[in-house]
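The next block holds one structure in the form of structure tokens; read it before the comments.
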Amino acid sequence: MHIVVIGAGVGGTAMALGLQQRGLDVAVFEQASAVTPVGAGVIIAPNSHRLLTDEWGIDAVPGSVQPPTLHLRRWQDGSTISEQPLGPVAVERFGAPYVAMHRADLLDALATGLRPGTLNLGKRLTGLVQDDEGVTVTFEDGTVERADLVIAADGTRSAAAAALGESTVARPSGFAAYRGFAPRQLIAETGESHNTWLGPNRHFVHYPISGGELLNFVAIVPTSRQETEAWSSPGDIADVRRAFTGWDPWVRRILDATDSVTLWGLYDRPVRDRLDFGRVALLGDAAHPVLPFFAQGASLALEDAAVLSALVADAPALGLDRVLSAYSRIRVPRIRQVQDASFRNATTFHLPDGPEQQRRDAFLGDPASPSPLRANAWLFGHDVRDDVAAARAKLASVGP
């Protein structure tokens with residue numbers, strides 16, 4: 001079976017590596033003409049870090065940082081709303097760490113394991129046609145590739161999904177994200193903790209990455225403009241500074257020390273009822289873009305890749321159409337659960353000052369309240385390989 005993966009981001013690269021580790025023939029086609037270290041910081045939570053280790057053999061991504069603590073802070077003065085341990089506590093509770101890293105470092109760790117010649121650059125998809133025997137994929141430069149299965153991992157504005165007629169409507173969320181890096185010397189003052197400032201209609205997050213060489217930050221702000229959905233578009237640092245006027249001096253100091261930011265327009269898309277369409281399966285942002293208020297985008301892509309690569313390896317015995325349907329049945333409910341949690345965080349983080357905000361702060365600061373790790377055990381403690389095992393057993397029990 002020859003498998004084509006469209007897109008060499010985190011999900012696509014992890015998928016290709018998982019397939020090759022199972023002895024399958026795979027080629028990756030990426031529209032970028034060169035591999036460049038783009039992107040910013042990402043969180044890899046225990047639910048996906050255990051997969052990095054157990055499925056792809058990556059014990060630690062070079063440059064990754066384990067924040068020892070999660071601090072939730074008040075927007076005006078940085079006073080602590082809640083302080084919760086991460087670090088060793090996450091490992092003890094879930095058997096895997098909560099880790100911050102540069103997206104480029106994660107991608108490099110995955111890509112290093114691919115066989116030479118797997119990645120084909122400068123390949124912009126222009127057509128995708130299925131028939132009873134397979135899929136014909138065409139590219140802008142005239143390349144034509146025949147495949148038994150296509151995995152579309154080409155991002156939020158997926159050309160593969162569009163070719164299938166399966167694009168979803170992007171609805172403005174009313175928010176935009178500015179991302180940037182503060183000078184490394186500020187890390188010595190703030191430490192390696194994960195810090196989030198909660199404020200009226202906006203919030204600010206920072207944590208160290210790249211072995212403590214970079215202080216990654218994300219500033220979520222309201223917007224009525226139709227910002228571009230590409231997450232690497234240039235932004236204006238002056239706009240960010242204005243948006244956080246009157247905030248904690250530490251936030252102001254970070255922004256004043258930063259020269260440039262990227263701008264990412266945040267859009268909501270409905271979660272699809274299915275992720276498989278004939279001999280094509282969608283993965284990662286191509287399948288289910290999620291708002292970043294739960295920091296699970298990269299983790300969900302890794303979960304997708306772990307589930308789908310395991311099931312595709314079973315296709316000769318169980319049937320390709322059946323394992324792809326199982327992939328959809330496994331992933332769609334979990335994606336919806338994460339998307340719902342992300343929406344809830346958007347509301348909780350952005351409460352205006354007042355009685356509801358005071359109740360939130362009192363609850364979060366109460367030692368008797370569930371910690372973020374305990375409250376989110378449904379997410380961090382879940383192992384998608386259990387889903388795969390259950391699906392295999394069900395498929396085997398009913399026969400072909």
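Ligands are numbered from 1 in the order shown, chains are lettered A, B, ... in the order of the structure tokens, and residues start at 1 in each chain.
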For this session: Skip Pro172 (chain A) itself and residues of its chain fewer than 3 positions away, then list as a PyMOL selection string all residues within 7 Å of it, counting only C-alpha atoms.
Result: chain A and resi 266-268
Exercise. Do you know which residues are at most 12 Å from Gly191 (chain A) counting only C-alpha atoms, after dropping those on the same chain fewer than 5 positions away, and could you put them as a list of chain:residue names?
Worked result: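 The residues that qualify are A:Val65, A:Gln66, A:Pro67, A:Pro68, A:Thr69, A:Leu70, A:His71, A:Arg184, A:Gln185, A:Leu186, A:His206, A:Tyr207, A:Pro208, A:Ile209, A:Gly212, A:Glu213, A:Leu214, A:Leu215.
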Exercise. A:Pro62, A:Lys123, A:Gly39, A:Asp25: which is nearest Arg103 (chain A), counting only C-alpha atoms?
Worked result: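 Going through A:Pro62, A:Lys123, A:Gly39, A:Asp25 one by one, the smallest distance to Arg103 (chain A) is for A:Gly39.
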Problem set entry | Spatial neighbours of Ala301 (chain A), 8 Å, only C-alpha atoms, chain gap at least 5 places, as a list in words |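 Returned residues: Val10, Gly11, Leu283, Gly284 and Asp285 of chain A.
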Please produce a file of the residues just selected, as an mmCIF file, in the first residue's frame, where the atoms kept are C-alpha atoms.
data_model
loop_
_atom_site.group_PDB
_atom_site.id
_atom_site.type_symbol
_atom_site.label_atom_id
_atom_site.label_comp_id
_atom_site.auth_asym_id
_atom_site.auth_seq_id
_atom_site.Cartn_x
_atom_site.Cartn_y
_atom_site.Cartn_z
ATOM 1 C CA VAL A 10 3.609 18.386 13.131
ATOM 2 C CA GLY A 11 0.657 16.114 12.337
ATOM 3 C CA LEU A 283 -5.719 15.006 10.218
ATOM 4 C CA GLY A 284 -4.761 17.857 12.552
ATOM 5 C CA ASP A 285 -5.846 21.382 11.644
#
Problem set entry | Nearest to Gln296 (chain A) by atom-to-atom distance, counting only C-alpha atoms, from A:Gly9, A:Phe94, A:Leu24, A:Ile43 |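 The shortest atom-to-atom distance to Gln296 (chain A) comes from A:Ile43.
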Residues within 7 Å of region 129-138 of chain A, please, as an mmCIF file with C-alpha atoms, in the first residue's frame. Count only C-alpha atoms; anything in the same chain fewer than 6 positions from it doesn't count.
data_model
loop_
_atom_site.group_PDB
_atom_site.id
_atom_site.type_symbol
_atom_site.label_atom_id
_atom_site.label_comp_id
_atom_site.auth_asym_id
_atom_site.auth_seq_id
_atom_site.Cartn_x
_atom_site.Cartn_y
_atom_site.Cartn_z
ATOM 1 C CA VAL A 144 1.204 13.421 -10.477
ATOM 2 C CA GLU A 145 1.197 10.860 -7.667
ATOM 3 C CA ARG A 146 -0.927 7.745 -7.441
ATOM 4 C CA ALA A 147 -1.812 6.504 -3.947
ATOM 5 C CA ASP A 148 -3.898 3.869 -2.225
ATOM 6 C CA LEU A 149 -4.571 6.304 0.618
ATOM 7 C CA ARG A 279 -9.636 6.875 0.486
#
